[in-house]
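Pasting model_34.cif here (mmCIF, C-alpha atoms and all ligand atoms):
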data_model
#
loop_
_atom_site.label_atom_id
_atom_site.label_comp_id
_atom_site.auth_asym_id
_atom_site.auth_seq_id
_atom_site.Cartn_x
_atom_site.Cartn_y
_atom_site.Cartn_z
CA MET I 24 70.81 118.60 89.10
CA LYS I 25 71.70 116.07 86.39
CA PHE I 26 74.78 117.31 84.54
CA VAL I 27 78.31 118.11 85.68
CA ASP I 28 78.08 121.75 84.50
CA GLU I 29 75.46 122.38 87.15
CA TYR I 30 78.03 121.50 89.80
CA ARG I 31 80.39 124.07 88.30
CA ASP I 32 77.86 126.90 88.10
CA ALA I 33 79.67 130.13 88.97
CA ALA I 34 76.59 131.77 90.52
CA VAL I 35 75.93 128.81 92.81
CA VAL I 36 79.60 128.62 93.76
CA ARG I 37 79.71 132.31 94.63
CA SER I 38 76.53 132.10 96.68
CA LEU I 39 78.02 129.20 98.67
CA ALA I 40 81.28 131.10 99.19
CA ASP I 41 79.26 134.12 100.38
CA ALA I 42 77.31 131.89 102.76
CA ILE I 43 80.59 130.61 104.23
CA ALA I 44 81.83 134.19 104.65
CA ARG I 45 78.64 135.11 106.54
CA VAL I 46 79.04 132.17 108.93
CA VAL I 47 82.75 132.48 109.74
CA THR I 48 83.72 134.50 112.82
CA ARG I 49 87.21 133.11 113.53
CA PRO I 50 90.01 131.15 111.80
CA TRP I 51 89.49 127.50 110.91
CA THR I 52 91.74 124.95 109.23
CA ILE I 53 89.94 122.27 107.24
CA MET I 54 91.50 119.34 105.40
CA GLU I 55 90.07 117.77 102.27
CA ILE I 56 91.13 114.14 102.36
CA CYS I 57 91.16 113.26 98.70
CA GLY I 58 93.64 114.35 96.07
CA GLY I 59 90.75 114.58 93.58
CA GLN I 60 89.18 117.23 95.82
CA THR I 61 92.55 118.99 96.09
CA HIS I 62 92.82 119.18 92.33
CA ALA I 63 89.28 120.59 92.02
CA ILE I 64 90.02 123.21 94.70
CA VAL I 65 93.22 124.38 93.03
CA LYS I 66 91.95 123.97 89.47
CA PHE I 67 88.89 126.18 90.03
CA GLY I 68 90.53 128.52 92.58
CA LEU I 69 87.94 127.65 95.24
CA ASP I 70 90.35 128.39 98.10
CA GLU I 71 90.68 131.95 96.83
CA LEU I 72 86.91 132.50 97.06
CA LEU I 73 86.91 131.74 100.78
CA PRO I 74 87.20 134.28 103.58
CA SER I 75 90.78 134.69 104.78
CA GLY I 76 89.98 132.91 108.05
CA VAL I 77 89.30 129.58 106.34
CA THR I 78 92.48 127.69 105.47
CA LEU I 79 92.32 124.55 103.35
CA VAL I 80 95.07 121.99 103.77
CA HIS I 81 95.54 118.95 101.59
CA GLY I 82 95.28 115.44 102.95
CA PRO I 83 96.90 112.09 102.20
CA GLY I 84 94.20 110.83 99.83
CA CYS I 85 96.50 110.31 96.88
CA PRO I 86 97.26 106.59 96.60
CA VAL I 87 100.34 107.08 94.48
CA CYS I 88 101.76 109.61 96.96
CA VAL I 89 101.49 107.33 99.99
CA THR I 90 102.84 104.15 98.38
CA PRO I 91 106.21 103.62 100.07
CA ALA I 92 109.40 103.61 98.02
CA GLU I 93 110.11 100.09 99.29
CA LEU I 94 107.03 98.77 97.47
CA ILE I 95 107.99 100.58 94.29
CA ASP I 96 111.40 98.92 94.65
CA GLN I 97 109.64 95.55 94.86
CA ALA I 98 107.59 96.40 91.76
CA VAL I 99 110.82 97.29 89.94
CA GLU I 100 112.38 94.00 91.06
CA LEU I 101 109.38 92.11 89.66
CA ALA I 102 109.41 94.09 86.41
CA LEU I 103 113.07 93.13 85.86
CA ARG I 104 112.50 89.51 86.86
CA PRO I 105 112.83 87.29 83.74
CA GLY I 106 109.53 85.81 82.64
CA THR I 107 107.41 88.27 84.61
CA ILE I 108 104.95 90.90 83.38
CA LEU I 109 104.34 93.73 85.84
CA CYS I 110 100.98 95.44 85.28
CA SER I 111 100.19 98.82 86.79
CA PHE I 112 98.05 101.90 86.42
CA GLY I 113 99.96 104.52 84.44
CA ASP I 114 100.53 107.06 87.20
CA MET I 115 102.76 104.68 89.17
CA LEU I 116 105.40 104.54 86.45
CA ARG I 117 107.20 107.80 87.21
CA VAL I 118 107.01 107.66 90.99
CA PRO I 119 110.55 107.51 92.40
CA GLY I 120 111.51 104.45 94.40
CA SER I 121 114.70 104.38 96.41
CA GLY I 122 116.51 103.44 93.19
CA ILE I 123 114.88 103.62 89.76
CA ASP I 124 111.21 104.06 88.85
CA LEU I 125 109.09 101.66 86.81
CA LEU I 126 109.50 103.67 83.63
CA THR I 127 113.28 103.28 83.88
CA ALA I 128 112.82 99.58 84.60
CA LYS I 129 110.79 99.37 81.38
CA ALA I 130 113.51 101.23 79.49
CA ARG I 131 116.02 98.68 80.82
CA GLY I 132 114.02 95.80 79.37
CA GLY I 133 111.54 95.10 82.14
CA ASP I 134 108.10 94.05 80.92
CA VAL I 135 105.86 96.76 82.39
CA ARG I 136 102.33 97.06 81.02
CA ILE I 137 99.89 99.89 81.72
CA VAL I 138 96.38 98.60 82.31
CA TYR I 139 93.06 100.29 83.04
CA SER I 140 91.61 97.52 85.18
CA PRO I 141 93.08 94.70 87.28
CA LEU I 142 90.92 92.35 85.21
CA ASP I 143 93.10 93.28 82.21
CA ALA I 144 96.02 91.80 84.14
CA VAL I 145 94.08 88.59 84.75
CA ALA I 146 93.42 88.47 81.00
CA PHE I 147 97.17 88.90 80.32
CA ALA I 148 97.82 85.95 82.64
CA ARG I 149 95.36 83.80 80.71
CA GLN I 150 96.94 84.82 77.39
CA ASN I 151 100.51 84.20 78.65
CA PRO I 152 100.41 80.92 80.58
CA ALA I 153 104.21 80.57 80.48
CA ARG I 154 104.71 83.97 82.14
CA GLU I 155 104.00 85.24 85.66
CA VAL I 156 101.71 88.29 85.69
CA VAL I 157 101.73 90.61 88.71
CA PHE I 158 99.31 93.49 89.21
CA PHE I 159 100.53 96.40 91.37
CA ALA I 160 97.42 96.80 93.55
CA VAL I 161 97.70 100.33 94.85
CA GLY I 162 94.94 102.44 96.32
CA PHE I 163 92.39 103.21 99.00
CA GLU I 164 89.06 101.59 99.78
CA THR I 165 87.91 102.76 96.34
CA THR I 166 90.10 100.42 94.30
CA ALA I 167 90.07 97.49 96.73
CA PRO I 168 86.81 95.96 95.42
CA ALA I 169 88.11 95.73 91.83
CA ASN I 170 91.39 94.26 93.01
CA ALA I 171 89.49 91.79 95.19
CA MET I 172 87.37 90.85 92.20
CA ALA I 173 90.49 90.25 90.10
CA VAL I 174 92.13 87.87 92.55
CA LEU I 175 88.87 86.06 93.26
CA ARG I 176 88.29 85.71 89.51
CA ALA I 177 91.81 84.26 89.12
CA VAL I 178 91.09 81.77 91.90
CA HIS I 179 87.70 80.84 90.44
CA ASP I 180 89.11 80.37 86.91
CA GLY I 181 92.24 78.52 88.06
CA VAL I 182 94.61 81.21 86.71
CA LYS I 183 97.67 80.30 88.76
CA ASN I 184 100.21 82.59 87.07
CA PHE I 185 98.51 85.74 88.41
CA SER I 186 99.35 87.56 91.65
CA LEU I 187 99.03 90.93 93.38
CA LEU I 188 101.64 93.24 94.85
CA VAL I 189 99.33 94.84 97.40
CA SER I 190 99.71 98.37 98.72
CA HIS I 191 96.19 99.14 99.92
CA VAL I 192 95.62 101.81 102.55
CA LEU I 193 92.58 102.86 104.58
CA VAL I 194 91.42 106.42 105.24
CA PRO I 195 90.04 106.41 108.83
CA PRO I 196 93.30 105.29 110.55
CA ALA I 197 95.19 108.04 108.68
CA MET I 198 92.65 110.61 109.91
CA ARG I 199 93.27 109.43 113.47
CA ALA I 200 97.05 109.65 112.96
CA ILE I 201 96.75 113.22 111.63
CA LEU I 202 94.44 114.36 114.43
CA GLY I 203 96.57 112.68 117.10
CA ALA I 204 99.88 114.23 116.01
CA PRO I 205 101.32 116.84 118.41
CA ASP I 206 101.59 119.45 115.63
CA ASN I 207 98.12 118.82 114.18
CA ARG I 208 96.25 121.90 112.97
CA VAL I 209 93.29 120.20 111.28
CA GLN I 210 89.96 121.14 112.88
CA GLY I 211 87.52 119.70 110.35
CA PHE I 212 87.57 117.12 107.55
CA LEU I 213 85.96 116.87 104.16
CA ALA I 214 85.80 113.09 103.84
CA ALA I 215 86.26 111.51 100.41
CA GLY I 216 82.86 110.81 98.86
CA HIS I 217 84.00 107.89 96.73
CA VAL I 218 85.59 106.08 99.69
CA CYS I 219 82.32 106.50 101.61
CA ALA I 220 80.33 105.27 98.60
CA ILE I 221 82.13 101.95 99.12
CA MET I 222 82.59 101.81 102.89
CA GLY I 223 79.71 103.93 104.22
CA VAL I 224 80.12 106.46 107.01
CA GLU I 225 79.97 104.42 110.21
CA GLU I 226 83.74 104.57 110.83
CA TYR I 227 83.74 108.36 111.04
CA GLY I 228 81.39 108.85 114.02
CA PRO I 229 83.94 107.67 116.62
CA ILE I 230 86.64 109.88 115.03
CA ALA I 231 84.43 112.98 115.10
CA ALA I 232 83.51 112.30 118.71
CA ALA I 233 86.99 111.41 119.99
CA TYR I 234 88.75 114.40 118.43
CA ARG I 235 85.84 116.89 118.48
CA CYS I 236 86.30 117.21 114.73
CA PRO I 237 83.43 117.56 112.23
CA VAL I 238 83.56 115.17 109.29
CA VAL I 239 81.53 116.09 106.21
CA VAL I 240 81.31 113.53 103.41
CA THR I 241 81.92 115.59 100.27
CA GLY I 242 81.95 115.15 96.51
CA PHE I 243 84.39 116.41 93.94
CA GLU I 244 82.85 119.23 91.95
CA PRO I 245 83.09 122.91 93.01
CA VAL I 246 79.49 123.05 94.27
CA ASP I 247 80.00 119.80 96.19
CA ILE I 248 83.17 121.05 97.84
CA LEU I 249 81.77 124.42 98.89
CA GLU I 250 78.61 122.76 100.18
CA GLY I 251 80.83 120.44 102.27
CA LEU I 252 82.85 123.40 103.52
CA LEU I 253 79.74 125.36 104.44
CA ARG I 254 78.44 122.46 106.48
CA CYS I 255 81.83 121.95 108.12
CA VAL I 256 82.20 125.65 109.03
CA ARG I 257 78.66 125.75 110.43
CA GLN I 258 79.53 122.83 112.72
CA LEU I 259 82.79 124.41 113.82
CA GLU I 260 81.15 127.76 114.55
CA SER I 261 78.40 126.13 116.60
CA GLY I 262 80.75 123.81 118.48
CA ARG I 263 79.37 120.62 116.94
CA ALA I 264 81.49 117.65 115.84
CA GLU I 265 79.27 115.35 113.82
CA VAL I 266 79.34 113.27 110.65
CA GLU I 267 77.27 114.82 107.85
CA ASN I 268 76.68 113.49 104.38
CA ALA I 269 76.86 116.28 101.79
CA TYR I 270 77.17 113.77 98.94
CA ALA I 271 73.87 111.97 99.34
CA ARG I 272 73.50 111.42 95.61
CA ALA I 273 76.33 108.86 95.78
CA VAL I 274 76.80 107.83 99.43
CA ARG I 275 74.57 105.68 101.58
CA ALA I 276 75.22 105.24 105.28
CA GLN I 277 76.08 101.56 104.85
CA GLY I 278 78.13 102.07 101.67
CA ASN I 279 78.03 99.38 99.01
CA PRO I 280 77.44 96.03 100.75
CA HIS I 281 78.40 93.98 97.69
CA ALA I 282 81.74 95.78 97.30
CA ARG I 283 82.44 95.50 101.04
CA ARG I 284 81.73 91.78 100.90
CA LEU I 285 84.18 91.33 98.02
CA VAL I 286 86.89 93.23 99.95
CA ALA I 287 86.30 91.09 103.04
CA GLU I 288 86.57 87.90 100.96
CA ALA I 289 90.00 88.84 99.61
CA PHE I 290 91.66 91.07 102.19
CA VAL I 291 92.41 91.41 105.90
CA VAL I 292 93.32 94.59 107.77
CA THR I 293 97.03 94.97 108.45
CA ASP I 294 99.51 97.58 109.65
CA ARG I 295 100.94 99.65 106.84
CA THR I 296 103.69 102.20 106.34
CA TRP I 297 102.64 105.31 104.41
CA ARG I 298 105.14 107.22 102.35
CA GLY I 299 105.66 110.51 104.16
CA LEU I 300 103.49 109.57 107.14
CA GLY I 301 105.32 106.49 108.41
CA PRO I 302 103.77 103.38 110.02
CA ILE I 303 100.08 103.60 110.96
CA PRO I 304 98.56 100.62 112.83
CA GLY I 305 95.64 98.88 111.11
CA SER I 306 95.82 101.26 108.15
CA GLY I 307 96.11 98.83 105.26
CA LEU I 308 94.80 95.74 103.57
CA ASP I 309 96.70 92.60 102.69
CA LEU I 310 95.64 89.40 100.99
CA ARG I 311 94.03 86.81 103.26
CA PRO I 312 96.42 84.01 104.32
CA GLU I 313 94.48 81.45 102.26
CA LEU I 314 95.30 83.53 99.13
CA ALA I 315 99.07 83.39 99.76
CA ALA I 316 99.63 81.73 96.37
CA TYR I 317 98.39 84.99 94.79
CA ASP I 318 100.51 87.28 96.97
CA ALA I 319 103.55 88.35 94.92
CA PRO I 320 105.97 89.03 97.83
CA ARG I 321 105.33 85.54 99.27
CA LYS I 322 105.21 83.84 95.88
CA PHE I 323 108.53 85.29 94.72
CA GLY I 324 110.24 85.59 98.11
CA LEU I 325 110.58 89.36 97.93
CA LYS I 326 112.35 90.74 100.96
CA PRO I 327 111.00 93.90 102.57
CA ALA I 328 113.56 96.58 101.72
CA PRO I 329 114.67 99.01 104.43
CA ALA I 330 112.76 102.29 104.38
CA GLY I 331 114.74 105.07 102.77
CA GLY I 332 114.70 108.72 103.80
CA ALA I 333 112.51 111.31 102.09
CA GLY I 334 115.46 113.51 101.15
CA GLU I 335 114.33 117.04 100.34
CA CYS I 336 110.69 116.03 99.90
CA ILE I 337 108.35 117.39 102.59
CA SER I 338 105.29 115.52 101.33
CA GLY I 339 104.67 114.10 104.83
CA GLU I 340 104.23 117.61 106.26
CA ILE I 341 101.97 118.54 103.34
CA MET I 342 99.78 115.44 103.71
CA ARG I 343 99.40 116.10 107.45
CA GLY I 344 98.29 119.66 106.73
CA VAL I 345 101.30 121.23 108.45
CA LYS I 346 102.60 122.82 105.23
CA LYS I 347 101.38 123.52 101.70
CA PRO I 348 103.16 122.74 98.42
CA LEU I 349 104.41 126.28 97.79
CA GLN I 350 106.27 126.12 101.13
CA CYS I 351 108.51 123.34 99.83
CA PRO I 352 111.88 124.90 98.92
CA ALA I 353 112.27 122.47 96.02
CA PHE I 354 108.85 123.24 94.44
CA GLY I 355 109.14 124.26 90.81
CA SER I 356 112.93 124.41 90.89
CA ARG I 357 114.60 121.16 91.90
CA CYS I 358 111.24 119.36 91.85
CA THR I 359 109.10 119.54 88.71
CA PRO I 360 106.79 117.08 86.91
CA GLU I 361 109.68 116.29 84.55
CA HIS I 362 112.16 115.72 87.39
CA PRO I 363 110.14 114.87 90.50
CA LEU I 364 111.72 114.49 93.92
CA GLY I 365 108.51 113.15 95.39
CA ALA I 366 105.34 111.36 94.31
CA PRO I 367 102.95 114.34 94.88
CA MET I 368 104.61 116.11 91.94
CA VAL I 369 103.83 113.34 89.44
CA SER I 370 100.58 111.81 90.62
CA SER I 371 97.36 112.97 88.95
CA GLU I 372 96.02 113.34 92.49
CA GLY I 373 99.15 114.85 94.05
CA ALA I 374 98.86 118.25 95.75
CA CYS I 375 102.18 119.51 94.35
CA ALA I 376 101.15 118.52 90.82
CA ALA I 377 97.90 120.48 91.27
CA TYR I 378 99.70 123.66 92.31
CA HIS I 379 102.28 123.27 89.58
CA ARG I 380 99.65 122.77 86.93
CA TYR I 381 96.96 125.26 87.86
CA ARG I 382 98.51 128.16 89.75
CA SER I 383 99.01 130.90 87.18
CA TRP I 384 102.51 131.79 88.41
CA SER I 385 103.78 128.54 86.92
CA GLY I 386 102.68 129.65 83.48
CA VAL I 387 101.74 126.06 82.67
CA ALA I 388 97.98 125.73 82.45
CA GLY I 389 96.48 128.28 84.80
CA ARG I 390 93.20 128.11 86.66
CA VAL I 391 90.09 126.70 84.99
CA ALA I 392 87.02 128.94 84.87
CA LEU I 393 83.68 128.00 86.36
CA VAL I 394 80.60 127.80 84.16
CA THR I 395 78.82 131.15 83.88
S1 LIG G 1 107.44 119.93 95.64
FE1 LIG G 1 108.45 117.95 95.24
S2 LIG G 1 109.95 117.73 96.88
FE2 LIG G 1 108.49 119.31 97.53
S3 LIG G 1 106.93 118.20 98.70
FE3 LIG G 1 106.20 118.32 96.58
S4 LIG G 1 106.90 116.39 95.65
FE4 LIG G 1 108.09 116.66 97.55
#
As structure tokens:
Amino acid sequence: MKFVDEYRDAAVVRSLADAIARVVTRPWTIMEICGGQTHAIVKFGLDELLPSGVTLVHGPGCPVCVTPAELIDQAVELALRPGTILCSFGDMLRVPGSGIDLLTAKARGGDVRIVYSPLDAVAFARQNPAREVVFFAVGFETTAPANAMAVLRAVHDGVKNFSLLVSHVLVPPAMRAILGAPDNRVQGFLAAGHVCAIMGVEEYGPIAAAYRCPVVVTGFEPVDILEGLLRCVRQLESGRAEVENAYARAVRAQGNPHARRLVAEAFVVTDRTWRGLGPIPGSGLDLRPELAAYDAPRKFGLKPAPAGGAGECISGEIMRGVKKPLQCPAFGSRCTPEHPLGAPMVSSEGACAAYHRYRSWSGVAGRVALVT
């Protein structure tokens, strides 16, 4: 297979769904970790091809969704700080903080720039030596190498007016937190293929063994996802709990050693609070102490703001697989993409945004057809 259409082939998808139906003898609940996988599932209606016993729940792998409001508040504070340019990926701009969002900060005169790479922010810093340039470094293991490269480039080139506001999170500790919760219902995981392409798969073996939970490394196209589900269901039905790689075209067991080395040069593991999930020990990355001059909270003396409540938003229950977006009473009424109450409604990887966009009841876009 060489082209993306081949991973959206309706006949192959149906044959995989049929294979799953032949294997399943009892109910199973499986969580896809990544919001990209969630969007593919909802976009192509893959969940509706599955036998009724297989329930898919949607995990916390949406970086925008898990960035705490307190950090968005800090980003807003930096954006409104005179002489500062706050650079961010575009999907952070409409995520509610405890006060205003970054788009409102921009409307009030804050200098907020949308960039496509953290290296663009380093370039801004070079072009604006009299200004301070801060990049809002949000994301999982996938974006950490590029952010590491940016700060290491700034150090190497002597760009002293550049810094990071870091909100990096790590997948395996969140999986442990989900599996260890008293109300957990997840019995198998589709791990995020792009995270494993960076980090490899070695962290997942102890999780599968400790919680008797199969972990199948899975890609993002319909054929990838159903192949991952088939492997996961086969394990569950046969009582196995192993790590399998169903995304071998992109993932090697050891990941990407060069990217991992970059991450280790710039970051250390730290405790982090996840929006909706709360504090998870050892679940984040922060800049190494020797890079303190490039750490925006230390550089500008930002105080950690007290954590606010989630209000009506039940994103924590959704990201733990306890509920699904359509079970939120605010969905589509008080919470819409135009007026979001929570980040999953505005993020391009948010589960609520996927349901709002692709489920036909919403009348917005409707499901996307597979290739026939
Ligand atoms: S629909 Fe809105 S309020 Fe409900 S969980 Fe999703 S983002 Fe939160």
When you count all atoms listed in the file, which of these residues is closest to Pro302 of chain I: I:Val239, I:Val80, I:Val192, I:Cys375?
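The shortest atom-to-atom distance to Pro302 of chain I comes from I:Val192.
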Taking only C-alpha atoms and all ligand atoms into account, report as JSON, numbers by chain which residues have an atom no farther than 9 Å from an atom of ligand LIG 1 (chain G).
{"I": [88, 333, 334, 335, 336, 337, 338, 339, 340, 341, 347, 348, 349, 350, 351, 352, 353, 354, 355, 356, 357, 358, 359, 360, 362, 363, 364, 365, 366, 367, 368, 369, 373, 374, 375, 376, 379]}
Please check which residues have atoms at most 7 Å from (81.0, 99.1, 99.2) in the file's coordinates, counting all atoms listed in the file, and write them as a VMD selection string.
chain I and resid 220 to 222 278 to 283
Give me, please, the distance in Å between atom CA of Met172 of chain I and atom CA of Phe185 of chain I, quoted to one decimal.
12.8 Å
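Using only C-alpha atoms, the smallest distance between any of I:Asp318, I:Asp180, I:Asp124, I:Asp309 and Leu193 of chain I comes from I:Asp309.
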Counting all atoms listed in the file, the option among I:Leu202, I:Arg298, I:Arg254, I:Arg235 closest to Ser121 of chain I
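For Ser121 of chain I, the nearest of the given residues is I:Arg298.
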So how many Å separate atom CA of Ala232 of chain I and atom CA of Pro245 of chain I, to one decimal?
27.8 Å
Looking at all atoms listed in the file, which of I:Val99, I:Leu142, I:Leu72, I:Val118 is the one that sits closest to Val87 of chain I?
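Selected residue with least distance to Val87 of chain I: I:Val118.
Proximity to Val89 of chain I was assessed for I:Leu325, I:Ile303, I:Leu175, I:Cys110 counting only C-alpha atoms; the smallest distance is recorded for I:Ile303.
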Given only C-alpha atoms as the counted atoms, nearest of I:Arg199, I:Arg149, I:Arg37, I:Lys326 to Tyr227 of chain I:
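Closest to Tyr227 of chain I, using only C-alpha atoms: I:Arg199.
Atom CA of Leu126 of chain I is positioned 12.7 Å from atom CA of Glu361 of chain I.
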Neighbourhood query: residues within 12 Å of (83.5, 106.8, 113.3), file coordinates, counting all atoms listed in the file; return as an MDAnalysis selection string.
chainID I and resid 194:196 198:199 214 219 222:239 264:267 276
So that I can check the surroundings of Val161 of chain I, please list as a PyMOL selection string every protein, DNA and RNA residue that reaches within 12 Å of it, counting only C-alpha atoms and ignoring chain neighbours fewer than 5 positions away.
chain I and resi 85-91+94-95+98+110-115+140-141+166-171+187-193+297+307-309
Given 5 Å on each side, where is the centre and what are the edge lengths in Å to one decimal of the axis-aligned box enclosing the listed atoms of segment 207-216 of chain I, as JSON?
{"center_x": 90.5, "center_y": 116.4, "center_z": 106.5, "size_x": 25.3, "size_y": 21.1, "size_z": 25.3}
Mind running segment 171-232 of chain I against segment 48-71 of chain I at 7 Å and telling me each contacting residue's nearest atom pair with the distance in Å (one decimal), counting all atoms listed in the file, chain and number ascending, as JSON lines?
{"residue": "I:Arg208", "atom": "CA", "partner": "I:Thr52", "partner_atom": "CA", "distance": 6.6}
{"residue": "I:Val209", "atom": "CA", "partner": "I:Thr52", "partner_atom": "CA", "distance": 5.4}
{"residue": "I:Gln210", "atom": "CA", "partner": "I:Thr52", "partner_atom": "CA", "distance": 5.6}
{"residue": "I:Gly211", "atom": "CA", "partner": "I:Ile53", "partner_atom": "CA", "distance": 4.7}
{"residue": "I:Phe212", "atom": "CA", "partner": "I:Met54", "partner_atom": "CA", "distance": 5.0}
{"residue": "I:Leu213", "atom": "CA", "partner": "I:Glu55", "partner_atom": "CA", "distance": 4.6}
{"residue": "I:Ala214", "atom": "CA", "partner": "I:Ile56", "partner_atom": "CA", "distance": 5.6}
{"residue": "I:Ala215", "atom": "CA", "partner": "I:Cys57", "partner_atom": "CA", "distance": 5.5}
Contacts of Leu253 of chain I within 8 Å, all atoms listed in the file, excl. fewer than 6 positions in-chain, as a PyMOL selection string:
chain I and resi 39-40+42-43
